[in-house]
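Dumped query.csv below, it's CSV, C-alpha atoms:
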```csv
chain,number,residue,atom,x,y,z
E,22,MET,CA,47.3,36.3,42.6
E,23,ILE,CA,46.2,39.7,41.2
E,24,ILE,CA,43.9,39.2,38.2
E,25,ASP,CA,43.9,42.0,35.6
E,26,SER,CA,41.7,40.5,33.0
E,27,SER,CA,39.1,37.7,33.0
E,28,LYS,CA,41.1,35.7,30.4
E,29,GLN,CA,43.8,34.9,33.1
E,30,VAL,CA,43.3,31.4,34.3
E,31,SER,CA,43.4,30.7,38.1
E,32,ARG,CA,46.8,29.6,39.0
E,33,ASN,CA,46.1,28.2,42.5
E,34,HIS,CA,46.6,24.5,42.6
E,35,LEU,CA,45.5,23.9,46.2
E,36,PHE,CA,41.9,25.0,46.3
E,37,LYS,CA,40.4,23.8,43.1
E,38,ARG,CA,37.0,22.8,44.4
E,39,PHE,CA,35.1,23.7,47.6
E,40,PRO,CA,35.9,20.9,50.1
E,41,ILE,CA,32.5,19.1,49.7
E,42,PRO,CA,31.8,15.6,48.3
E,43,THR,CA,31.6,15.4,44.5
E,44,ASN,CA,27.9,14.6,44.5
E,45,PHE,CA,26.9,16.8,47.5
E,46,GLY,CA,23.2,17.6,47.7
E,47,VAL,CA,22.6,16.4,44.2
E,48,THR,CA,19.4,14.7,43.1
E,49,LYS,CA,19.4,11.1,42.0
E,50,GLU,CA,19.2,11.9,38.3
E,51,SER,CA,22.0,14.5,38.5
E,52,ARG,CA,24.6,12.3,40.1
E,53,VAL,CA,27.8,12.2,38.2
E,54,ASP,CA,29.4,8.7,38.1
E,55,ARG,CA,32.7,7.5,36.6
E,56,GLY,CA,32.4,6.7,32.9
E,57,LYS,CA,34.5,5.1,30.2
E,58,ALA,CA,38.3,5.4,29.7
E,59,TRP,CA,38.8,5.7,26.0
E,60,PRO,CA,42.0,4.2,24.4
E,61,VAL,CA,45.2,6.2,23.9
E,62,PRO,CA,45.6,7.1,20.1
E,63,ALA,CA,48.2,4.9,18.4
E,64,GLY,CA,51.6,6.5,17.6
E,65,ALA,CA,50.9,9.7,19.6
E,66,THR,CA,54.0,11.2,21.3
E,67,ARG,CA,52.4,14.2,23.2
E,68,THR,CA,49.0,13.3,24.8
E,69,LYS,CA,46.7,15.1,27.3
E,70,SER,CA,43.9,13.6,29.3
E,71,PHE,CA,40.5,15.1,29.0
E,72,GLU,CA,37.7,14.2,31.5
E,73,ILE,CA,34.5,15.1,29.9
E,74,TYR,CA,30.9,15.1,31.3
E,75,ARG,CA,28.6,12.9,29.3
E,76,TYR,CA,24.9,12.4,29.4
E,77,ASP,CA,22.7,10.6,27.0
E,78,PRO,CA,18.9,10.9,27.6
E,79,ASP,CA,18.2,7.9,25.4
E,80,SER,CA,20.6,5.6,27.3
E,81,GLY,CA,18.6,5.3,30.5
E,82,ARG,CA,21.9,5.9,32.3
E,83,GLY,CA,22.7,9.0,34.4
E,84,PRO,CA,25.5,11.5,33.8
E,85,HIS,CA,29.1,10.2,33.9
E,86,VAL,CA,32.6,11.4,33.2
E,87,ASP,CA,34.5,9.8,30.3
E,88,THR,CA,38.3,10.1,30.0
E,89,PHE,CA,39.8,10.7,26.5
E,90,GLU,CA,43.5,10.9,25.5
E,91,LEU,CA,44.1,13.6,23.0
E,92,ASP,CA,47.0,13.6,20.5
E,93,LEU,CA,48.2,17.2,20.9
E,94,ASP,CA,50.2,17.1,17.7
E,95,ASP,CA,47.1,16.2,15.7
E,96,CYS,CA,44.9,18.8,17.1
E,97,GLY,CA,44.4,22.6,17.0
E,98,PRO,CA,45.3,24.8,20.1
E,99,MET,CA,41.9,25.5,21.6
E,100,VAL,CA,39.6,23.4,23.7
E,101,LEU,CA,37.0,23.5,21.0
E,102,ASP,CA,39.6,22.0,18.6
E,103,ALA,CA,40.1,19.2,21.2
E,104,LEU,CA,36.3,18.5,21.4
E,105,ILE,CA,36.1,18.4,17.6
E,106,TRP,CA,39.1,16.1,17.4
E,107,ILE,CA,37.5,13.7,19.9
E,108,LYS,CA,34.2,13.8,18.0
E,109,SER,CA,35.8,13.1,14.7
E,110,LYS,CA,38.5,10.6,15.7
E,111,VAL,CA,37.3,8.9,18.9
E,112,ASP,CA,33.6,9.2,19.8
E,113,SER,CA,31.3,10.7,17.3
E,114,THR,CA,28.4,10.9,19.9
E,115,LEU,CA,30.1,13.7,21.8
E,116,THR,CA,27.6,16.5,21.6
E,117,PHE,CA,28.3,20.2,22.1
E,118,ARG,CA,27.2,23.6,20.6
E,119,ARG,CA,29.6,25.6,18.5
E,120,SER,CA,29.5,28.1,15.6
E,121,CYS,CA,31.9,31.0,15.1
E,122,ARG,CA,35.1,29.4,16.6
E,123,GLU,CA,36.4,32.9,17.4
E,124,GLY,CA,34.7,33.9,20.6
E,125,VAL,CA,31.9,36.1,19.3
E,126,CYS,CA,28.8,33.8,19.2
E,127,GLY,CA,28.7,32.4,22.7
E,128,SER,CA,27.6,28.9,21.6
E,129,CYS,CA,30.5,26.9,23.1
E,130,ALA,CA,30.2,28.3,26.6
E,131,MET,CA,31.1,25.6,29.1
E,132,ASN,CA,32.9,24.9,32.4
E,133,MET,CA,36.6,24.1,31.9
E,134,ASP,CA,38.7,23.3,34.9
E,135,GLY,CA,36.0,24.7,37.2
E,136,THR,CA,35.4,28.1,35.5
E,137,ASN,CA,33.0,29.1,32.8
E,138,TRP,CA,34.5,30.3,29.5
E,139,LEU,CA,34.2,29.8,25.7
E,140,ALA,CA,35.9,26.6,24.5
E,141,CYS,CA,37.0,28.3,21.3
E,142,THR,CA,39.1,30.9,23.2
E,143,ARG,CA,40.5,28.7,25.9
E,144,PHE,CA,44.0,27.3,25.0
E,145,ILE,CA,44.6,23.6,25.7
E,146,SER,CA,48.0,24.6,27.1
E,147,GLU,CA,46.2,26.6,29.8
E,148,MET,CA,44.3,23.6,31.0
E,149,GLU,CA,45.3,21.4,33.8
E,150,SER,CA,46.2,17.7,33.5
E,151,PRO,CA,43.8,16.1,33.3
E,152,ALA,CA,41.6,18.8,31.8
E,153,ARG,CA,38.0,18.7,33.1
E,154,ILE,CA,35.3,19.7,30.7
E,155,TYR,CA,31.8,20.1,32.1
E,156,PRO,CA,28.7,21.9,30.9
E,157,LEU,CA,27.8,25.3,32.2
E,158,ALA,CA,27.1,25.1,35.9
E,159,ASN,CA,23.6,24.7,37.3
E,160,MET,CA,21.9,24.1,34.0
E,161,LYS,CA,19.4,21.4,33.0
E,162,ILE,CA,21.4,19.2,30.5
E,163,ILE,CA,19.8,18.1,27.2
E,164,LYS,CA,22.8,16.0,26.2
E,165,ASP,CA,26.5,15.9,27.0
E,166,LEU,CA,27.7,19.5,27.1
E,167,VAL,CA,24.5,21.1,25.8
E,168,PRO,CA,22.5,23.0,28.5
E,169,ASP,CA,18.8,23.9,28.2
E,170,GLN,CA,18.8,27.7,28.1
E,171,THR,CA,15.0,28.1,27.9
E,172,HIS,CA,14.8,29.6,31.4
E,173,VAL,CA,17.6,32.1,31.1
E,174,PHE,CA,16.3,33.3,27.8
E,175,ALA,CA,12.8,33.6,29.2
E,176,GLN,CA,14.4,35.8,32.0
E,177,TYR,CA,16.0,37.9,29.2
E,178,ALA,CA,12.7,38.4,27.4
E,179,ALA,CA,11.1,39.4,30.7
E,180,ILE,CA,13.2,42.7,30.8
E,181,GLU,CA,11.9,43.7,27.4
E,182,PRO,CA,15.3,44.1,25.7
E,183,TRP,CA,14.1,46.5,22.9
E,184,LEU,CA,13.8,50.2,22.4
E,185,GLN,CA,10.7,51.6,23.9
E,186,SER,CA,9.7,55.2,23.1
E,187,LYS,CA,6.8,57.4,24.0
E,188,THR,CA,7.7,60.4,21.7
E,189,PRO,CA,6.7,59.9,18.0
E,190,THR,CA,9.2,58.0,15.8
E,191,PRO,CA,11.6,60.5,14.2
E,192,GLU,CA,11.9,60.9,10.5
E,193,ARG,CA,15.4,59.5,10.4
E,194,GLU,CA,17.8,58.2,13.1
E,195,ARG,CA,17.3,58.7,16.8
E,196,ARG,CA,20.3,61.0,17.3
E,197,GLN,CA,22.7,60.6,20.2
E,198,SER,CA,25.9,62.4,21.0
E,199,VAL,CA,29.3,60.5,21.1
E,200,GLU,CA,29.1,60.8,24.9
E,201,GLU,CA,25.6,59.4,25.0
E,202,ARG,CA,26.6,56.5,22.7
E,203,SER,CA,29.6,55.7,25.0
E,204,GLN,CA,27.2,55.0,27.8
E,205,ILE,CA,26.3,51.6,26.4
E,206,ASP,CA,30.0,50.7,25.8
E,207,GLY,CA,30.8,47.7,27.9
E,208,TYR,CA,27.2,46.5,27.9
E,209,TYR,CA,26.1,46.2,24.2
E,210,GLU,CA,28.9,43.7,23.5
E,211,CYS,CA,27.3,40.9,25.5
E,212,ILE,CA,27.0,37.8,23.5
E,213,LEU,CA,24.5,36.1,25.9
E,214,CYS,CA,26.7,33.1,26.4
E,215,PHE,CA,25.5,32.9,30.1
E,216,CYS,CA,28.9,32.1,31.5
E,217,CYS,CA,28.3,34.8,34.2
E,218,THR,CA,24.7,33.7,35.1
E,219,SER,CA,25.7,30.1,35.4
E,220,GLY,CA,28.6,31.0,37.6
E,221,CYS,CA,26.6,33.1,40.0
E,222,PRO,CA,26.0,31.3,43.3
E,223,SER,CA,23.0,33.6,44.0
E,224,HIS,CA,21.5,32.4,40.7
E,225,TRP,CA,22.2,28.8,41.7
E,226,TRP,CA,20.1,29.2,44.9
E,227,ASN,CA,17.4,31.6,43.5
E,228,GLY,CA,17.6,31.1,39.8
E,229,ASN,CA,13.9,30.8,39.4
E,230,ARG,CA,13.3,34.4,40.5
E,231,PHE,CA,16.7,36.2,40.5
E,232,LEU,CA,17.4,37.5,36.9
E,233,GLY,CA,21.1,36.9,37.0
E,234,PRO,CA,24.1,39.0,35.8
E,235,ALA,CA,23.6,38.5,32.0
E,236,VAL,CA,20.0,39.7,32.1
E,237,LEU,CA,20.7,42.5,34.5
E,238,LEU,CA,23.6,43.7,32.4
E,239,GLN,CA,21.2,43.9,29.5
E,240,ALA,CA,18.7,45.7,31.7
E,241,TRP,CA,21.3,48.3,32.4
E,242,ARG,CA,22.2,48.5,28.7
E,243,TRP,CA,18.6,49.6,28.0
E,244,LEU,CA,18.4,51.8,31.1
E,245,THR,CA,21.5,53.8,30.1
E,246,ASP,CA,20.7,54.0,26.4
E,247,SER,CA,19.7,57.7,25.8
E,248,ARG,CA,17.3,56.7,23.0
E,249,ASP,CA,15.2,54.5,25.3
E,250,GLU,CA,12.3,56.3,27.1
E,251,ALA,CA,10.9,53.6,29.4
E,252,ALA,CA,13.5,53.9,32.1
E,253,GLU,CA,10.9,54.5,34.9
E,254,GLU,CA,8.9,51.4,33.9
E,255,ARG,CA,12.0,49.3,33.6
E,256,LEU,CA,13.1,50.3,37.1
E,257,ASP,CA,9.6,49.6,38.4
E,258,LYS,CA,9.8,46.1,37.1
E,259,LEU,CA,13.0,45.6,39.1
E,260,GLU,CA,11.4,46.8,42.4
E,261,ASP,CA,11.3,43.3,43.9
E,262,PRO,CA,13.3,41.5,46.6
E,263,PHE,CA,14.4,38.8,44.1
E,264,ARG,CA,14.7,40.1,40.5
E,265,LEU,CA,17.6,42.5,41.2
E,266,TYR,CA,18.3,42.4,44.9
E,267,ARG,CA,19.4,38.8,45.2
E,268,CYS,CA,22.7,40.1,43.9
E,269,HIS,CA,25.1,40.3,46.8
E,270,THR,CA,28.1,41.4,44.8
E,271,ILE,CA,29.8,38.0,44.8
E,272,LEU,CA,31.5,39.1,41.5
E,273,ASN,CA,32.0,35.6,40.0
E,274,CYS,CA,30.4,37.2,36.9
E,275,THR,CA,33.0,39.8,36.3
E,276,ARG,CA,35.7,37.3,37.0
E,277,THR,CA,34.4,34.8,34.4
E,278,CYS,CA,33.1,37.0,31.5
E,279,PRO,CA,34.8,35.7,28.3
E,280,LYS,CA,34.2,39.1,26.6
E,281,GLY,CA,35.8,41.0,29.6
E,282,LEU,CA,32.5,42.8,30.4
E,283,ASN,CA,31.5,43.8,33.9
E,284,PRO,CA,28.0,42.7,35.0
E,285,GLY,CA,28.9,43.4,38.7
E,286,LYS,CA,29.4,47.1,37.8
E,287,ALA,CA,26.2,47.2,35.7
E,288,ILE,CA,24.2,45.8,38.6
E,289,ALA,CA,25.8,48.3,41.0
E,290,HIS,CA,24.7,51.1,38.6
E,291,ILE,CA,21.1,49.8,38.6
E,292,LYS,CA,21.0,49.6,42.4
E,293,LYS,CA,22.3,53.2,42.7
E,294,THR,CA,19.7,54.4,40.2
E,295,MET,CA,17.0,52.6,42.1
E,296,ILE,CA,18.0,54.5,45.3
E,297,GLU,CA,18.5,57.9,43.5
E,298,ARG,CA,15.0,57.9,42.0
E,299,GLN,CA,13.4,57.4,45.4
E,300,SER,CA,14.8,60.8,46.6
I,26,MET,CA,9.2,24.7,29.0
I,27,ALA,CA,10.8,21.7,27.4
I,28,SER,CA,8.8,18.5,27.3
I,29,SER,CA,8.8,16.5,30.5
I,30,SER,CA,6.2,13.7,29.9
I,31,PRO,CA,6.3,11.0,32.6
I,32,SER,CA,8.0,8.5,30.2
I,33,GLU,CA,11.0,10.8,29.6
I,34,PRO,CA,13.7,11.0,32.3
I,35,GLN,CA,14.1,14.3,34.2
I,36,ARG,CA,17.0,16.3,32.8
I,37,PRO,CA,20.0,16.2,35.2
I,38,LEU,CA,21.3,19.5,36.6
I,39,SER,CA,25.0,20.1,35.9
I,40,PRO,CA,27.1,20.4,39.0
I,41,ASN,CA,27.4,23.9,40.5
I,42,ILE,CA,29.0,24.3,44.0
I,43,GLN,CA,30.4,20.7,43.7
I,44,LEU,CA,32.4,21.8,40.6
I,45,TYR,CA,32.9,25.5,40.3
I,46,ARG,CA,36.4,26.7,41.2
I,47,PRO,CA,36.7,28.8,44.4
I,48,GLN,CA,38.0,32.2,43.4
I,49,LEU,CA,38.9,35.2,45.5
I,50,THR,CA,35.5,36.7,44.5
I,51,SER,CA,33.3,33.9,45.7
I,52,VAL,CA,35.5,32.9,48.7
I,53,LEU,CA,35.7,36.4,50.2
I,54,SER,CA,31.9,36.7,49.7
I,55,ILE,CA,31.0,33.5,51.5
I,56,LEU,CA,33.5,34.3,54.2
I,57,ASN,CA,31.8,37.6,54.7
I,58,ARG,CA,28.5,35.8,55.3
I,59,LEU,CA,30.0,33.1,57.5
I,60,THR,CA,31.9,35.6,59.6
I,61,GLY,CA,28.6,37.5,60.0
I,62,ILE,CA,26.9,34.4,61.3
I,63,LEU,CA,29.8,33.6,63.6
I,64,LEU,CA,29.9,37.1,65.0
I,65,SER,CA,26.1,36.9,65.7
I,66,ILE,CA,26.8,33.9,67.9
I,67,ALA,CA,29.8,35.7,69.4
I,68,ALA,CA,27.6,38.7,70.2
I,69,ILE,CA,25.4,36.3,72.3
I,70,ALA,CA,28.5,35.1,74.0
I,71,LEU,CA,29.5,38.7,74.7
I,72,VAL,CA,26.1,39.3,76.3
I,73,ILE,CA,26.6,36.2,78.5
I,74,TRP,CA,30.0,37.5,79.6
I,75,LEU,CA,28.5,40.9,80.5
I,76,LEU,CA,25.7,39.3,82.4
I,77,ALA,CA,28.2,37.2,84.3
I,78,ALA,CA,30.2,40.4,85.1
I,79,ALA,CA,27.0,42.0,86.4
I,80,ALA,CA,25.9,38.9,88.3
I,81,GLY,CA,28.8,38.8,90.7
I,82,PRO,CA,32.3,37.5,91.3
I,83,GLN,CA,31.4,33.7,91.2
I,84,ALA,CA,29.6,33.8,87.9
I,85,TYR,CA,32.3,36.1,86.4
I,86,ALA,CA,35.0,33.7,87.6
I,87,ILE,CA,33.4,30.8,85.8
I,88,VAL,CA,33.1,32.7,82.5
I,89,GLN,CA,36.6,34.1,82.7
I,90,ALA,CA,38.0,30.6,83.3
I,91,ALA,CA,36.2,29.3,80.3
I,92,LEU,CA,37.6,32.1,78.2
I,93,ALA,CA,41.1,31.7,79.5
I,94,SER,CA,41.2,28.0,78.6
I,95,TRP,CA,42.9,26.8,75.5
I,96,THR,CA,39.7,26.2,73.6
I,97,GLY,CA,38.4,29.6,74.8
I,98,GLN,CA,41.5,31.4,73.6
I,99,VAL,CA,41.4,29.7,70.2
I,100,ILE,CA,37.7,30.6,69.7
I,101,LEU,CA,38.4,34.1,70.9
I,102,PHE,CA,41.3,34.4,68.4
I,103,GLY,CA,39.0,33.1,65.6
I,104,CYS,CA,36.3,35.6,66.6
I,105,THR,CA,38.8,38.4,66.4
I,106,PHE,CA,39.9,37.4,62.9
I,107,ALA,CA,36.3,37.0,61.9
I,108,PHE,CA,35.5,40.4,63.3
I,109,PHE,CA,38.2,42.1,61.2
I,110,LEU,CA,37.5,40.2,58.1
I,111,HIS,CA,33.8,41.1,58.3
I,112,PHE,CA,34.7,44.7,59.2
I,113,PHE,CA,37.1,45.3,56.3
I,114,GLY,CA,34.9,43.2,54.0
I,115,GLY,CA,32.0,45.5,55.0
I,116,ILE,CA,33.9,48.6,54.0
I,117,ARG,CA,34.7,47.0,50.6
I,118,HIS,CA,31.0,46.5,50.2
I,119,LEU,CA,30.2,50.1,51.1
I,120,VAL,CA,32.7,51.3,48.5
I,121,TRP,CA,31.0,49.0,45.9
I,122,ASP,CA,27.7,50.7,46.8
I,123,THR,CA,29.1,53.9,45.4
I,124,VAL,CA,29.9,52.1,42.1
I,125,HIS,CA,33.6,52.3,42.6
I,126,GLY,CA,36.3,49.6,42.5
I,127,PHE,CA,34.6,47.2,40.0
I,128,GLU,CA,37.6,46.8,37.6
I,129,LEU,CA,39.0,43.2,38.0
I,130,ARG,CA,42.4,44.5,39.1
I,131,THR,CA,40.8,46.6,41.8
I,132,ILE,CA,38.5,43.8,42.9
I,133,TYR,CA,41.5,41.6,43.4
I,134,MET,CA,43.7,44.2,45.1
I,135,SER,CA,41.0,45.3,47.5
I,136,GLY,CA,40.2,41.6,48.2
I,137,TRP,CA,43.8,40.8,49.2
I,138,ALA,CA,44.0,44.1,51.1
I,139,VAL,CA,41.0,43.0,53.2
I,140,VAL,CA,42.7,39.7,54.0
I,141,ALA,CA,46.0,41.4,54.8
I,142,ALA,CA,44.4,44.1,56.9
I,143,SER,CA,42.5,41.4,58.9
I,144,ILE,CA,45.6,39.4,59.6
I,145,VAL,CA,47.6,42.5,60.7
I,146,MET,CA,44.8,43.9,62.8
I,147,THR,CA,44.2,40.5,64.5
I,148,ALA,CA,47.9,40.4,65.4
I,149,VAL,CA,47.8,44.0,66.6
I,150,ALA,CA,44.7,43.4,68.8
I,151,TRP,CA,46.2,40.3,70.4
I,152,ILE,CA,49.7,41.7,71.0
I,153,ALA,CA,48.1,44.9,72.4
I,154,SER,CA,45.8,42.8,74.7
I,155,VAL,CA,48.9,41.2,76.2
I,156,TYR,CA,50.4,44.7,77.1
I,157,ILE,CA,47.0,46.1,78.3
I,158,GLY,CA,46.6,43.1,80.5
I,159,ARG,CA,49.9,43.8,82.3
```
Would you mind writing the structure in this file as structure tokens?
Amino acid sequence: MIIDSSKQVSRNHLFKRFPIPTNFGVTKESRVDRGKAWPVPAGATRTKSFEIYRYDPDSGRGPHVDTFELDLDDCGPMVLDALIWIKSKVDSTLTFRRSCREGVCGSCAMNMDGTNWLACTRFISEMESPARIYPLANMKIIKDLVPDQTHVFAQYAAIEPWLQSKTPTPERERRQSVEERSQIDGYYECILCFCCTSGCPSHWWNGNRFLGPAVLLQAWRWLTDSRDEAAEERLDKLEDPFRLYRCHTILNCTRTCPKGLNPGKAIAHIKKTMIERQS
Amino acid sequence: MASSSPSEPQRPLSPNIQLYRPQLTSVLSILNRLTGILLSIAAIALVIWLLAAAAGPQAYAIVQAALASWTGQVILFGCTFAFFLHFFGGIRHLVWDTVHGFELRTIYMSGWAVVAASIVMTAVAWIASVYIGR
């Protein structure tokens, strides 16, 4: 009921989806149909069902949901272990991104049981039965669980996420006090997994112009960094009804961040700074 | 952008609202918007009621009868609840504008507080209206 940390899984079993049809308002090529039910592994005592979104651009077929039975005693504890088990023992065409397997790279971000998180830090035991694995919400899908992140990364590049200075480069480091350095705590740790942006309803409806929580969190990271000297120009770029102000403090972002960061707060800081500089 | 020549199929979009889990955050947010829309319509109904009161006893009697009917009372009850949800939700938004209350625990506590306050105040309003009417 009361969530203290984003790693807590939603416990409500009544309201798992909004009460709308499965393919509501979806274009023809995005319709999700029922797929194949893969066989139960022989000799397995403890099994769990996994419903996984599949899409193969070469097959000529639209997206569908395949059901796999996982042998829990043969597999590691995390959802990423489950995906690797399925890929190695059942269907080698299952495609997904992965790298660090410890929750620091952001590659395996996907939607599990309706919420976005990293597959390598989500326990199989926390998943429902059957577990539902879908790609990050509202993303163009390249194959299976692999989204096309070109657009979101282009939005990230648009905020110029690098140090900009007007004063001459110092001889050695750009010094900052402990207090100044602590200003970027909670913002520099973002791994750009885009769980937050792909879970933001405002980004679903206006993603072409609204920058989204991940990009805006990074915008705040640069605004609040004492070494950066282009704060005025950065804020000028956000003076636009869409780039920043499509945020309506829905706060799905803070709820879903797998690193426990707070994009909602960062955006509130930016909005406050925008008002303060007008006076 | 990625290649999209006519021979290649358009990339499908992964499900969003059809799939994403409703959470206190998104549910209260959309309720704030929906109650706002409902209250805008209710405001028009309020104007109709006031116009009927100004127009004379016959017109007023018609509108009062409509409001006193079962459907009228249910709608009125719904509008009261919507009013308090929107009101307390609005206060929550004003607090957020001061950049306070963004820790997840606070978000959830304030969210449930809004729901609880709305239920309590709707009950208080309706019970009080029974006594004021006497």
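Taking all atoms listed in the file into account, those protein, DNA and RNA residues with any atom at most 9 Å away from (30.8, 11.7, 42.4) amount to E:Pro42, E:Thr43, E:Asn44, E:Phe45, E:Arg52, E:Val53, E:Asp54, E:Arg55, E:His85.
Coordinates place CA of Ala175 (chain E) at a distance of 15.9 Å from CA of Phe263 (chain E).
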When you get a sec, could you note down which chain I residues fall within 12 Å of chain E, using all atoms listed in the file, as a ChimeraX atom specification? /I:26-29,32-58,114-115,117-138
Which residues come within 7 Å of region 89-106 of chain E, counting only C-alpha atoms, excluding same-chain residues fewer than 3 positions away, as a PyMOL selection string? chain E and resi 58-62+65+67-72+109-110+140-145
What is the distance between CA of Cys278 (chain E) and CA of Leu35 (chain E), in Å to one decimal? 23.3 Å
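The space separating CA of Lys280 (chain E) from CA of Pro262 (chain E) comes to 29.0 Å.
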All residues 9 Å or closer to region 93-109 of chain I, all atoms listed in the file, same chain fewer than 3 positions away omitted, as a list in words: Leu56, Asn57, Leu59, Thr60, Gly61, Leu63, Leu64, Ala67, Val88, Gln89, Ala90, Phe112, Phe113, Gly114, Val139, Val140, Ala142, Ser143, Ile144, Met146, Thr147, Ala148, Ala150 and Trp151 of chain I
Write out as a PyMOL selection string each polymer residue whose atoms come within 10 Å of Ala179 (chain E), counting all atoms listed in the file; drop sequence neighbours fewer than 2 positions from it. chain E and resi 173-177+181-182+232+236+240+258
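Of the listed residues (E:Pro191, E:Met295, E:Thr114, E:Ser198), E:Met295 comes nearest to Leu259 (chain E); the distances count all atoms listed in the file.
Nearest to Gln29 (chain E) of all the residues E:Ala251, E:Trp226, E:Arg119, E:Met148 is E:Met148, based on all atoms listed in the file.
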Which of E:Glu200, E:Ser247, E:Lys108, E:Arg264 sits closest to Phe231 (chain E) [using only C-alpha atoms]: E:Arg264
